[in-house]
Amino acid sequence: MIMSEKDLERIDQYLTNQLSDADRSAFDADLEANSELKREFQMQQDIVALVRDARKLQLKQQLSNIPTPNGNSYMGYSAAILGSAILGTILYFATRSSSDDSIVQNNPEITLTPTIEKVDTVQNPEVKTETIAEVQKDSNPVKPKPELQPQTATKPVVLPTIPDEENEVQSATSNPEPPTGHQTAVEPEEAIVTNVVEGSRYKFHFQLDGSSLHLYGQFNKGTYKILDFIDEQTGKRATYLYYDKVFYGLTPNNVPEQLQPVQDPVVIKRLTAEAAKIGRD
Amino acid sequence: MSEQEIFERICRGDEKTLEVLYKKYYRMMTRLVINNSGTEEEARDVYQEALVVFWQKSVSGKLVLTSKISTYIYSICQNLWRKELDRKKRLSNEERDTPIHMDNESEERRLIIAKCLDQLGDGCKQVLMYYYFDELSMQDIAEKMGFANTDTAKTKKYKCKKKLDELVKAQFSEQDFLD
(Lines give C-alpha, C1' and ligand atoms only; values in the text may rest on other atoms or scores of the structure.)
Protein backbone atom coordinates (compact mmCIF):
# COMPACT_ATOMS: atom_id res chain seq x y z
CA MET A 1 0.00 0.00 0.00
CA ILE A 2 1.17 3.46 -0.82
CA MET A 3 0.98 5.79 2.12
CA SER A 4 -0.86 9.01 1.70
CA GLU A 5 1.13 12.19 1.96
CA LYS A 6 -0.84 13.01 5.04
CA ASP A 7 0.13 9.78 6.75
CA LEU A 8 3.77 10.28 5.88
CA GLU A 9 3.65 13.78 7.26
CA ARG A 10 2.10 12.56 10.47
CA ILE A 11 4.79 9.94 10.83
CA ASP A 12 7.41 12.58 10.24
CA GLN A 13 5.88 14.88 12.82
CA TYR A 14 5.62 12.04 15.28
CA LEU A 15 9.25 11.11 14.84
CA THR A 16 10.37 14.70 15.25
CA ASN A 17 8.16 15.35 18.27
CA GLN A 18 6.02 17.90 16.56
CA LEU A 19 2.66 16.43 17.52
CA SER A 20 0.59 17.61 20.42
CA ASP A 21 -0.09 15.10 23.18
CA ALA A 22 -3.60 14.52 21.88
CA ASP A 23 -2.41 13.99 18.32
CA ARG A 24 0.27 11.69 19.57
CA SER A 25 -2.17 9.46 21.39
CA ALA A 26 -4.45 9.44 18.37
CA PHE A 27 -1.53 8.41 16.23
CA ASP A 28 -0.55 5.66 18.65
CA ALA A 29 -4.08 4.31 18.48
CA ASP A 30 -4.01 4.39 14.67
CA LEU A 31 -0.75 2.50 14.67
CA GLU A 32 -2.31 -0.31 16.64
CA ALA A 33 -5.33 -0.43 14.38
CA ASN A 34 -3.55 -0.19 11.07
CA SER A 35 -0.82 -2.69 10.35
CA GLU A 36 0.18 -1.03 7.09
CA LEU A 37 0.66 2.22 8.89
CA LYS A 38 2.65 0.46 11.53
CA ARG A 39 4.88 -1.16 8.95
CA GLU A 40 5.51 2.16 7.28
CA PHE A 41 6.10 3.78 10.63
CA GLN A 42 8.74 1.23 11.57
CA MET A 43 10.47 1.73 8.28
CA GLN A 44 10.44 5.50 8.73
CA GLN A 45 11.66 5.10 12.27
CA ASP A 46 14.68 3.19 10.99
CA ILE A 47 15.35 5.67 8.24
CA VAL A 48 15.26 8.62 10.62
CA ALA A 49 17.44 6.74 13.11
CA LEU A 50 20.01 6.13 10.39
CA VAL A 51 19.97 9.76 9.32
CA ARG A 52 20.57 10.75 12.93
CA ASP A 53 23.35 8.22 13.28
CA ALA A 54 24.97 9.59 10.15
CA ARG A 55 24.98 13.10 11.59
CA LYS A 56 26.32 11.85 14.89
CA LEU A 57 29.11 10.11 13.03
CA GLN A 58 29.79 13.24 11.01
CA LEU A 59 30.17 15.32 14.16
CA LYS A 60 32.33 12.72 15.83
CA GLN A 61 34.57 12.52 12.81
CA GLN A 62 34.83 16.26 12.82
CA LEU A 63 35.93 16.13 16.44
CA SER A 64 38.38 13.34 15.73
CA ASN A 65 40.10 15.55 13.23
CA ILE A 66 40.84 18.14 15.86
CA PRO A 67 44.29 17.80 17.30
CA THR A 68 43.82 16.90 20.92
CA PRO A 69 46.41 16.98 23.63
CA ASN A 70 46.75 13.23 23.48
CA GLY A 71 46.16 12.79 19.83
CA ASN A 72 48.75 11.98 17.26
CA SER A 73 48.24 15.23 15.47
CA TYR A 74 49.87 16.98 18.38
CA MET A 75 53.57 16.67 18.38
CA GLY A 76 55.82 16.75 21.33
CA TYR A 77 54.64 18.38 24.46
CA SER A 78 51.19 16.95 24.49
CA ALA A 79 51.15 15.98 28.11
CA ALA A 80 52.27 19.40 29.17
CA ILE A 81 49.30 21.10 27.72
CA LEU A 82 46.75 18.71 29.10
CA GLY A 83 46.79 20.04 32.59
CA SER A 84 45.96 23.42 31.33
CA ALA A 85 43.13 22.41 29.12
CA ILE A 86 40.62 23.31 31.77
CA LEU A 87 41.78 26.84 31.83
CA GLY A 88 41.87 27.06 28.14
CA THR A 89 45.47 27.84 28.58
CA ILE A 90 47.63 28.50 25.66
CA LEU A 91 51.29 27.85 26.07
CA TYR A 92 53.97 28.56 23.67
CA PHE A 93 57.64 28.10 23.42
CA ALA A 94 59.81 30.34 21.54
CA THR A 95 63.45 30.10 20.89
CA ARG A 96 65.81 32.72 19.80
CA SER A 97 68.09 32.53 16.90
CA SER A 98 71.45 34.16 17.21
CA SER A 99 71.97 34.63 13.51
CA ASP A 100 70.42 38.04 13.15
CA ASP A 101 71.39 40.97 15.26
CA SER A 102 68.68 43.45 14.48
CA ILE A 103 65.30 41.90 14.49
CA VAL A 104 64.84 38.25 14.94
CA GLN A 105 61.54 36.86 13.91
CA ASN A 106 60.87 33.97 16.15
CA ASN A 107 58.57 31.23 15.13
CA PRO A 108 56.88 29.95 18.19
CA GLU A 109 58.17 26.47 18.44
CA ILE A 110 54.87 25.15 19.46
CA THR A 111 51.68 27.04 19.17
CA LEU A 112 48.67 25.64 20.88
CA THR A 113 45.48 27.31 20.10
CA PRO A 114 41.97 26.06 19.80
CA THR A 115 42.08 26.63 16.08
CA ILE A 116 43.23 23.86 13.85
CA GLU A 117 44.85 26.10 11.30
CA LYS A 118 47.38 27.34 13.79
CA VAL A 119 48.27 23.90 15.00
CA ASP A 120 49.00 22.82 11.49
CA THR A 121 51.85 25.24 11.40
CA VAL A 122 53.61 23.66 14.33
CA GLN A 123 57.10 22.74 13.47
CA ASN A 124 58.60 19.45 14.23
CA PRO A 125 59.76 19.73 17.82
CA GLU A 126 62.39 17.07 17.40
CA VAL A 127 64.24 19.09 14.86
CA LYS A 128 63.79 22.25 16.82
CA THR A 129 65.19 20.76 19.99
CA GLU A 130 68.47 20.16 18.32
CA THR A 131 68.55 23.69 17.07
CA ILE A 132 68.03 25.03 20.54
CA ALA A 133 70.88 23.02 21.90
CA GLU A 134 73.17 24.45 19.32
CA VAL A 135 71.99 27.96 19.76
CA GLN A 136 72.51 27.76 23.46
CA LYS A 137 76.02 26.54 23.00
CA ASP A 138 76.82 29.18 20.45
CA SER A 139 75.44 32.04 22.40
CA ASN A 140 76.93 31.09 25.72
CA PRO A 141 80.04 33.23 25.37
CA VAL A 142 78.01 36.35 24.77
CA LYS A 143 75.92 36.46 27.81
CA PRO A 144 75.20 40.02 28.75
CA LYS A 145 73.52 40.28 32.07
CA PRO A 146 69.98 41.47 31.63
CA GLU A 147 69.59 44.89 33.07
CA LEU A 148 67.21 43.74 35.61
CA GLN A 149 67.37 44.08 39.30
CA PRO A 150 64.38 42.44 40.85
CA GLN A 151 65.29 43.64 44.30
CA THR A 152 65.28 47.28 43.35
CA ALA A 153 62.18 47.31 41.26
CA THR A 154 60.55 50.56 42.16
CA LYS A 155 56.96 50.02 41.24
CA PRO A 156 55.00 46.89 41.95
CA VAL A 157 53.86 45.04 38.90
CA VAL A 158 50.14 44.83 38.57
CA LEU A 159 49.45 41.30 37.67
CA PRO A 160 46.36 39.60 36.54
CA THR A 161 45.53 36.71 38.79
CA ILE A 162 45.82 33.28 37.37
CA PRO A 163 42.64 31.37 37.50
CA ASP A 164 43.00 27.96 39.08
CA GLU A 165 41.29 24.88 37.79
CA GLU A 166 37.96 25.82 39.22
CA ASN A 167 38.41 29.39 38.16
CA GLU A 168 38.43 30.67 41.64
CA VAL A 169 40.48 33.73 42.06
CA GLN A 170 43.72 33.01 43.78
CA SER A 171 44.73 35.03 46.73
CA ALA A 172 46.72 37.35 44.62
CA THR A 173 47.52 40.84 45.64
CA SER A 174 46.07 42.57 42.68
CA ASN A 175 42.75 42.49 40.94
CA PRO A 176 42.87 41.51 37.35
CA GLU A 177 41.58 44.04 34.95
CA PRO A 178 40.13 42.88 31.69
CA PRO A 179 42.08 44.10 28.73
CA THR A 180 40.93 47.55 27.84
CA GLY A 181 40.60 49.54 24.66
CA HIS A 182 41.27 47.84 21.41
CA GLN A 183 42.66 44.82 23.11
CA THR A 184 39.24 43.60 24.05
CA ALA A 185 38.66 42.92 20.40
CA VAL A 186 41.34 40.30 20.45
CA GLU A 187 39.98 36.81 20.28
CA PRO A 188 41.32 34.89 23.23
CA GLU A 189 42.21 32.01 20.95
CA GLU A 190 44.60 34.11 18.99
CA ALA A 191 48.16 32.99 19.44
CA ILE A 192 50.76 35.43 20.59
CA VAL A 193 53.37 36.13 18.00
CA THR A 194 56.68 37.02 19.53
CA ASN A 195 59.39 39.15 18.06
CA VAL A 196 62.72 39.68 19.70
CA VAL A 197 64.17 43.06 18.95
CA GLU A 198 67.84 43.43 19.60
CA GLY A 199 70.02 46.48 19.40
CA SER A 200 67.29 48.96 20.24
CA ARG A 201 67.56 51.54 22.98
CA TYR A 202 65.36 49.39 25.14
CA LYS A 203 67.06 46.85 27.28
CA PHE A 204 64.92 44.08 28.64
CA HIS A 205 61.61 45.70 27.74
CA PHE A 206 58.43 44.37 26.29
CA GLN A 207 55.43 45.59 24.45
CA LEU A 208 52.27 43.54 24.21
CA ASP A 209 49.79 44.84 21.74
CA GLY A 210 46.89 42.49 21.22
CA SER A 211 48.51 39.23 20.32
CA SER A 212 51.73 40.74 19.13
CA LEU A 213 54.55 40.66 21.64
CA HIS A 214 57.84 42.44 21.20
CA LEU A 215 60.70 41.61 23.47
CA TYR A 216 63.51 44.11 23.49
CA GLY A 217 66.98 43.17 24.53
CA GLN A 218 69.12 40.08 24.54
CA PHE A 219 67.23 36.94 25.25
CA ASN A 220 69.98 34.50 24.69
CA LYS A 221 70.11 32.67 27.96
CA GLY A 222 68.46 29.69 26.40
CA THR A 223 64.81 29.52 25.55
CA TYR A 224 62.03 31.65 26.84
CA LYS A 225 58.43 30.67 27.25
CA ILE A 226 55.26 32.62 26.88
CA LEU A 227 52.51 31.44 29.18
CA ASP A 228 49.17 32.67 28.08
CA PHE A 229 46.11 32.03 30.20
CA ILE A 230 42.54 32.64 29.37
CA ASP A 231 39.98 32.42 32.09
CA GLU A 232 37.18 30.36 30.64
CA GLN A 233 34.63 32.19 32.74
CA THR A 234 35.56 35.75 32.18
CA GLY A 235 37.59 35.49 29.02
CA LYS A 236 40.28 37.51 30.74
CA ARG A 237 43.72 36.97 29.49
CA ALA A 238 46.88 36.87 31.51
CA THR A 239 50.24 36.56 29.84
CA TYR A 240 53.62 35.85 31.34
CA LEU A 241 57.13 35.50 30.13
CA TYR A 242 59.37 32.88 31.65
CA TYR A 243 63.00 33.54 31.01
CA ASP A 244 66.11 32.54 32.85
CA LYS A 245 64.14 31.07 35.74
CA VAL A 246 62.14 34.22 36.37
CA PHE A 247 58.52 35.01 35.51
CA TYR A 248 57.56 38.41 34.18
CA GLY A 249 54.03 39.72 33.88
CA LEU A 250 53.05 40.94 30.45
CA THR A 251 50.25 43.43 30.75
CA PRO A 252 49.13 44.92 27.44
CA ASN A 253 50.74 48.30 26.91
CA ASN A 254 51.15 50.94 24.25
CA VAL A 255 54.78 51.73 24.79
CA PRO A 256 57.61 49.38 25.65
CA GLU A 257 57.98 48.88 29.36
CA GLN A 258 60.72 47.30 31.35
CA LEU A 259 60.09 43.69 32.24
CA GLN A 260 59.27 43.35 35.91
CA PRO A 261 59.49 40.04 37.69
CA VAL A 262 56.41 38.55 39.28
CA GLN A 263 56.74 38.85 43.03
CA ASP A 264 53.58 37.35 44.42
CA PRO A 265 54.65 33.93 45.73
CA VAL A 266 51.22 32.44 45.05
CA VAL A 267 51.36 33.49 41.45
CA ILE A 268 54.92 32.29 41.11
CA LYS A 269 54.03 28.93 42.55
CA ARG A 270 51.17 28.52 40.17
CA LEU A 271 53.22 29.63 37.21
CA THR A 272 56.03 27.29 38.14
CA ALA A 273 53.56 24.43 38.18
CA GLU A 274 52.28 25.40 34.76
CA ALA A 275 55.75 25.82 33.36
CA ALA A 276 56.81 22.48 34.81
CA LYS A 277 54.04 20.83 32.87
CA ILE A 278 55.79 21.80 29.72
CA GLY A 279 58.46 19.49 30.88
CA ARG A 280 61.63 21.44 30.33
CA ASP A 281 63.22 24.80 30.54
CA MET B 1 34.81 33.39 25.63
CA SER B 2 32.46 33.26 28.57
CA GLU B 3 30.44 30.19 29.45
CA GLN B 4 27.27 31.95 28.38
CA GLU B 5 28.78 32.97 25.09
CA ILE B 6 29.94 29.45 24.37
CA PHE B 7 26.51 28.09 25.10
CA GLU B 8 24.80 30.69 22.94
CA ARG B 9 27.10 29.97 20.05
CA ILE B 10 26.50 26.25 20.35
CA CYS B 11 22.76 26.85 20.43
CA ARG B 12 23.13 28.80 17.22
CA GLY B 13 24.79 25.79 15.66
CA ASP B 14 28.34 27.11 15.60
CA GLU B 15 30.44 24.02 15.05
CA LYS B 16 33.70 25.91 15.54
CA THR B 17 32.70 26.57 19.13
CA LEU B 18 32.00 22.90 19.60
CA GLU B 19 35.54 22.24 18.50
CA VAL B 20 36.87 24.79 20.96
CA LEU B 21 34.88 23.13 23.70
CA TYR B 22 36.15 19.72 22.68
CA LYS B 23 39.72 20.77 23.18
CA LYS B 24 39.02 22.68 26.31
CA TYR B 25 37.69 19.76 28.31
CA TYR B 26 39.51 16.98 26.54
CA ARG B 27 41.78 16.02 29.38
CA MET B 28 39.24 16.50 32.11
CA MET B 29 36.67 14.28 30.42
CA THR B 30 38.91 11.57 29.07
CA ARG B 31 40.61 11.23 32.43
CA LEU B 32 37.29 10.19 33.90
CA VAL B 33 37.22 7.12 31.66
CA ILE B 34 40.93 6.42 31.73
CA ASN B 35 40.93 6.44 35.51
CA ASN B 36 38.05 4.01 35.49
CA SER B 37 39.59 1.14 33.56
CA GLY B 38 39.02 2.60 30.15
CA THR B 39 41.46 2.97 27.32
CA GLU B 40 42.42 6.23 25.72
CA GLU B 41 40.34 5.32 22.71
CA GLU B 42 37.29 4.46 24.76
CA ALA B 43 37.73 7.69 26.64
CA ARG B 44 37.80 9.69 23.45
CA ASP B 45 34.77 7.92 22.13
CA VAL B 46 32.76 8.49 25.29
CA TYR B 47 33.75 12.13 25.38
CA GLN B 48 32.85 12.67 21.73
CA GLU B 49 29.56 10.92 22.24
CA ALA B 50 28.80 13.09 25.25
CA LEU B 51 29.69 16.24 23.42
CA VAL B 52 27.44 15.27 20.54
CA VAL B 53 24.58 14.73 22.98
CA PHE B 54 25.24 18.15 24.44
CA TRP B 55 25.34 19.60 20.95
CA GLN B 56 22.09 17.97 19.88
CA LYS B 57 20.23 19.08 22.97
CA SER B 58 21.55 22.63 22.74
CA VAL B 59 21.06 23.16 19.07
CA SER B 60 17.56 21.72 19.05
CA GLY B 61 16.64 24.06 21.88
CA LYS B 62 15.90 21.30 24.37
CA LEU B 63 18.55 22.18 26.88
CA VAL B 64 18.14 24.68 29.64
CA LEU B 65 21.54 24.87 31.19
CA THR B 66 21.37 25.03 34.96
CA SER B 67 24.96 24.04 35.67
CA LYS B 68 28.33 24.72 34.17
CA ILE B 69 28.79 23.27 30.72
CA SER B 70 31.65 21.12 31.98
CA THR B 71 29.52 19.72 34.80
CA TYR B 72 26.80 18.83 32.37
CA ILE B 73 29.11 17.14 29.89
CA TYR B 74 30.92 15.39 32.71
CA SER B 75 27.70 13.83 33.93
CA ILE B 76 26.88 12.59 30.44
CA CYS B 77 30.34 11.06 30.22
CA GLN B 78 29.80 9.38 33.55
CA ASN B 79 26.49 7.89 32.47
CA LEU B 80 27.80 6.75 29.12
CA TRP B 81 30.82 5.12 30.65
CA ARG B 82 28.77 3.41 33.34
CA LYS B 83 26.51 2.02 30.64
CA GLU B 84 29.46 0.86 28.62
CA LEU B 85 30.98 -0.89 31.63
CA ASP B 86 27.66 -2.61 32.29
CA ARG B 87 27.44 -3.66 28.69
CA LYS B 88 30.94 -5.09 28.80
CA LYS B 89 30.14 -6.99 31.97
CA ARG B 90 26.98 -8.43 30.51
CA LEU B 91 28.79 -9.33 27.33
CA SER B 92 31.48 -11.25 29.17
CA ASN B 93 28.81 -13.11 31.13
CA GLU B 94 26.93 -13.94 27.99
CA GLU B 95 30.04 -15.17 26.32
CA ARG B 96 30.44 -17.68 29.08
CA ASP B 97 26.80 -18.70 29.22
CA THR B 98 25.23 -18.44 25.81
CA PRO B 99 26.45 -17.76 22.32
CA ILE B 100 25.87 -14.20 21.21
CA HIS B 101 22.75 -13.83 19.19
CA MET B 102 22.74 -11.20 16.54
CA ASP B 103 19.57 -9.70 15.27
CA ASN B 104 20.34 -10.24 11.63
CA GLU B 105 17.18 -8.88 10.16
CA SER B 106 17.30 -5.44 11.70
CA GLU B 107 21.02 -5.28 11.13
CA GLU B 108 20.49 -5.99 7.47
CA ARG B 109 17.79 -3.38 7.27
CA ARG B 110 20.10 -0.81 8.78
CA LEU B 111 22.80 -1.65 6.29
CA ILE B 112 20.42 -1.20 3.39
CA ILE B 113 19.24 2.17 4.66
CA ALA B 114 22.80 3.31 5.30
CA LYS B 115 23.71 2.36 1.74
CA CYS B 116 20.77 4.36 0.38
CA LEU B 117 21.74 7.32 2.48
CA ASP B 118 25.14 7.24 0.88
CA GLN B 119 23.56 7.30 -2.52
CA LEU B 120 21.96 10.63 -1.76
CA GLY B 121 23.90 13.71 -2.73
CA ASP B 122 25.91 15.38 0.01
CA GLY B 123 23.60 18.37 0.06
CA CYS B 124 20.52 16.22 0.40
CA LYS B 125 22.07 14.19 3.15
CA GLN B 126 23.13 17.31 5.02
CA VAL B 127 19.68 18.85 4.87
CA LEU B 128 18.13 15.68 6.28
CA MET B 129 20.75 15.46 9.01
CA TYR B 130 20.13 19.07 10.03
CA TYR B 131 16.44 18.43 10.06
CA TYR B 132 16.33 15.13 11.92
CA PHE B 133 19.31 15.35 14.21
CA ASP B 134 20.03 19.00 14.88
CA GLU B 135 16.32 19.70 14.52
CA LEU B 136 17.09 23.01 12.92
CA SER B 137 14.27 25.22 11.74
CA MET B 138 13.79 25.66 8.01
CA GLN B 139 15.11 29.17 8.45
CA ASP B 140 18.34 27.85 10.00
CA ILE B 141 18.68 25.14 7.39
CA ALA B 142 18.28 27.74 4.64
CA GLU B 143 20.99 29.86 6.26
CA LYS B 144 23.42 27.01 6.78
CA MET B 145 22.94 25.59 3.32
CA GLY B 146 22.89 28.95 1.60
CA PHE B 147 19.35 28.54 0.26
CA ALA B 148 17.41 31.58 -0.88
CA ASN B 149 14.66 31.21 1.68
CA THR B 150 12.79 28.85 3.98
CA ASP B 151 10.56 27.67 1.15
CA THR B 152 13.59 26.41 -0.73
CA ALA B 153 14.71 24.60 2.40
CA LYS B 154 11.28 23.07 2.86
CA THR B 155 11.12 21.89 -0.73
CA LYS B 156 14.62 20.53 -0.57
CA LYS B 157 13.93 18.62 2.60
CA TYR B 158 10.75 17.19 1.14
CA LYS B 159 12.38 16.12 -2.08
CA CYS B 160 15.43 14.63 -0.40
CA LYS B 161 13.35 12.64 2.02
CA LYS B 162 11.20 11.38 -0.81
CA LYS B 163 14.27 10.35 -2.75
CA LEU B 164 15.64 8.49 0.25
CA ASP B 165 12.34 6.72 0.84
CA GLU B 166 12.24 5.65 -2.78
CA LEU B 167 15.78 4.34 -2.68
CA VAL B 168 15.09 2.36 0.45
CA LYS B 169 11.85 0.98 -0.85
CA ALA B 170 13.41 -0.03 -4.13
CA GLN B 171 16.09 -1.90 -2.20
CA PHE B 172 13.55 -3.65 -0.07
CA SER B 173 11.34 -4.78 -2.93
CA GLU B 174 14.46 -6.08 -4.63
CA GLN B 175 15.28 -7.88 -1.43
CA ASP B 176 11.79 -9.36 -1.21
CA PHE B 177 12.01 -10.44 -4.80
CA LEU B 178 15.29 -12.25 -4.20
CA ASP B 179 13.92 -13.97 -1.11
# chains A, B, ... in the order shown; residues from 1 in each chain; ligands from 1
$ residues_around --residues "range 148-152 of chain B" --least-positions-apart "3" --cutoff "7 Å" --atoms "only C-alpha atoms" --output "PDB file with N, CA and C atoms, in the first residue's frame"
ATOM      1  N   MET B 138      13.573  25.495   9.456  1.00  0.00           N
ATOM      2  CA  MET B 138      13.790  25.657   8.012  1.00  0.00           C
ATOM      3  C   MET B 138      14.609  26.923   7.738  1.00  0.00           C
ATOM      4  N   GLN B 139      14.356  27.911   8.554  1.00  0.00           N
ATOM      5  CA  GLN B 139      15.110  29.166   8.451  1.00  0.00           C
ATOM      6  C   GLN B 139      16.611  28.900   8.639  1.00  0.00           C
ATOM      7  N   ALA B 142      18.073  26.878   5.813  1.00  0.00           N
ATOM      8  CA  ALA B 142      18.284  27.742   4.643  1.00  0.00           C
ATOM      9  C   ALA B 142      19.574  28.534   4.804  1.00  0.00           C
ATOM     10  N   THR B 155      11.227  22.691   0.489  1.00  0.00           N
ATOM     11  CA  THR B 155      11.117  21.888  -0.728  1.00  0.00           C
ATOM     12  C   THR B 155      12.261  20.884  -0.811  1.00  0.00           C
ATOM     13  N   LYS B 156      13.436  21.377  -0.506  1.00  0.00           N
ATOM     14  CA  LYS B 156      14.625  20.529  -0.568  1.00  0.00           C
ATOM     15  C   LYS B 156      14.493  19.352   0.403  1.00  0.00           C
TER      16      LYS B 156
END
$ interface_residues --of "chain B" --to "chain A" --cutoff "6 Å" --atoms "only C-alpha atoms" --output "list in words"
Met1, Ser2, Glu3, Val20, Lys24, Tyr25, Arg27, Gln48, Met129 and Phe133 of chain B
$ write_last_selection --atoms "N, CA, C and O atoms" --output "PDB file, in the first residue's frame"
ATOM      1  N   MET B   1      36.237  33.570  25.819  1.00  0.00           N
ATOM      2  CA  MET B   1      34.808  33.391  25.625  1.00  0.00           C
ATOM      3  C   MET B   1      34.160  32.954  26.933  1.00  0.00           C
ATOM      4  O   MET B   1      34.643  32.027  27.572  1.00  0.00           O
ATOM      5  N   SER B   2      33.107  33.634  27.316  1.00  0.00           N
ATOM      6  CA  SER B   2      32.463  33.260  28.568  1.00  0.00           C
ATOM      7  C   SER B   2      31.610  32.015  28.346  1.00  0.00           C
ATOM      8  O   SER B   2      31.277  31.654  27.221  1.00  0.00           O
ATOM      9  N   GLU B   3      31.264  31.398  29.451  1.00  0.00           N
ATOM     10  CA  GLU B   3      30.435  30.192  29.446  1.00  0.00           C
ATOM     11  C   GLU B   3      29.134  30.446  28.682  1.00  0.00           C
ATOM     12  O   GLU B   3      28.725  29.665  27.833  1.00  0.00           O
ATOM     13  N   VAL B  20      36.134  24.115  19.873  1.00  0.00           N
ATOM     14  CA  VAL B  20      36.869  24.790  20.958  1.00  0.00           C
ATOM     15  C   VAL B  20      36.585  24.092  22.284  1.00  0.00           C
ATOM     16  O   VAL B  20      37.478  23.798  23.077  1.00  0.00           O
ATOM     17  N   LYS B  24      38.968  22.087  24.984  1.00  0.00           N
ATOM     18  CA  LYS B  24      39.022  22.675  26.312  1.00  0.00           C
ATOM     19  C   LYS B  24      38.883  21.636  27.420  1.00  0.00           C
ATOM     20  O   LYS B  24      39.601  21.662  28.403  1.00  0.00           O
ATOM     21  N   TYR B  25      37.957  20.721  27.247  1.00  0.00           N
ATOM     22  CA  TYR B  25      37.692  19.760  28.309  1.00  0.00           C
ATOM     23  C   TYR B  25      38.249  18.372  28.008  1.00  0.00           C
ATOM     24  O   TYR B  25      37.924  17.408  28.691  1.00  0.00           O
ATOM     25  N   ARG B  27      41.069  16.773  28.346  1.00  0.00           N
ATOM     26  CA  ARG B  27      41.776  16.021  29.380  1.00  0.00           C
ATOM     27  C   ARG B  27      40.866  15.671  30.546  1.00  0.00           C
ATOM     28  O   ARG B  27      40.810  14.538  31.006  1.00  0.00           O
ATOM     29  N   GLN B  48      33.449  12.179  22.978  1.00  0.00           N
ATOM     30  CA  GLN B  48      32.853  12.670  21.731  1.00  0.00           C
ATOM     31  C   GLN B  48      31.351  12.440  21.731  1.00  0.00           C
ATOM     32  O   GLN B  48      30.570  13.310  21.348  1.00  0.00           O
ATOM     33  N   MET B 129      20.076  15.578   7.704  1.00  0.00           N
ATOM     34  CA  MET B 129      20.751  15.460   9.008  1.00  0.00           C
ATOM     35  C   MET B 129      20.429  16.673   9.881  1.00  0.00           C
ATOM     36  O   MET B 129      20.160  16.546  11.074  1.00  0.00           O
ATOM     37  N   PHE B 133      18.442  15.446  13.028  1.00  0.00           N
ATOM     38  CA  PHE B 133      19.314  15.346  14.209  1.00  0.00           C
ATOM     39  C   PHE B 133      19.424  16.687  14.944  1.00  0.00           C
ATOM     40  O   PHE B 133      19.079  16.791  16.115  1.00  0.00           O
TER      41      PHE B 133
END
$ select_by_dssp --residues "range 2-166 of chain B" --states "helix (DSSP H, G or I)" --output "ChimeraX atom specification"
/B:3-11,15-24,26-34,40-59,69-97,104-119,122-134,138-145,150-166
$ atom_distance --atom1 "CA of Leu19 in chain A" --atom2 "CA of Gly61 in chain B"
16.5 Å
$ residues_around --residues "Lys169 in chain B" --least-positions-apart "5" --cutoff "10 Å" --atoms "only C-alpha atoms" --output "PyMOL selection string"
(chain A and resi 43) or (chain B and resi 112-113+116+163-164+174-175)
$ atom_distance --atom1 "CA of Phe204 in chain A" --atom2 "CA of Pro261 in chain A"
11.3 Å
$ atom_distance --atom1 "CA of Gly217 in chain A" --atom2 "CA of Glu198 in chain A"
5.0 Å
$ closest_residue --among "B:Arg12, B:Lys88, B:Lys83, B:Lys23" --to "Lys144 in chain B" --atoms "only C-alpha atoms"
B:Arg12
$ residues_around --residues "Gln13 in chain A" --least-positions-apart "5" --cutoff "12 Å" --atoms "only C-alpha atoms" --output "PyMOL selection string"
(chain A and resi 6-8+18-21+23-24+27+41+44-45+48) or (chain B and resi 131-132+135)
$ residues_around --residues "Cys77 in chain B" --least-positions-apart "6" --cutoff "10 Å" --atoms "only C-alpha atoms" --output "MDAnalysis selection string"
chainID B and resid 29:30 32:33 43 45:51 53 71 83
$ residues_around --residues "Arg201 in chain A" --least-positions-apart "6" --cutoff "12 Å" --atoms "only C-alpha atoms" --output "list in words"
Ser102, Tyr216, Gly217, Gln218, Pro256, Glu257 and Gln258 of chain A
$ closest_residue --among "B:Leu63, B:Val52, B:Leu167, B:Met28" --to "Phe7 in chain B" --atoms "only C-alpha atoms"
B:Leu63
$ residues_around --residues "Leu259 in chain A" --least-positions-apart "3" --cutoff "7 Å" --atoms "only C-alpha atoms" --output "tab-separated table (two decimals) with N, CA, C and O atoms, in the first residue's frame"
chain	number	residue	atom	x	y	z
A	204	PHE	N	65.79	44.91	27.82
A	204	PHE	CA	64.92	44.08	28.64
A	204	PHE	C	63.55	44.73	28.84
A	204	PHE	O	63.06	44.90	29.96
A	205	HIS	N	62.95	45.11	27.73
A	205	HIS	CA	61.61	45.70	27.74
A	205	HIS	C	60.67	44.80	26.97
A	205	HIS	O	61.09	43.88	26.27
A	206	PHE	N	59.41	45.11	27.10
A	206	PHE	CA	58.43	44.37	26.29
A	206	PHE	C	57.31	45.30	25.88
A	206	PHE	O	57.06	46.33	26.51
A	248	TYR	N	57.85	36.99	34.33
A	248	TYR	CA	57.56	38.41	34.18
A	248	TYR	C	56.12	38.56	33.70
A	248	TYR	O	55.69	37.84	32.79
$ closest_residue --among "B:Gln119, B:Gln126, B:Ser37, B:Ser67" --to "Val168 in chain B" --atoms "only C-alpha atoms"
B:Gln119
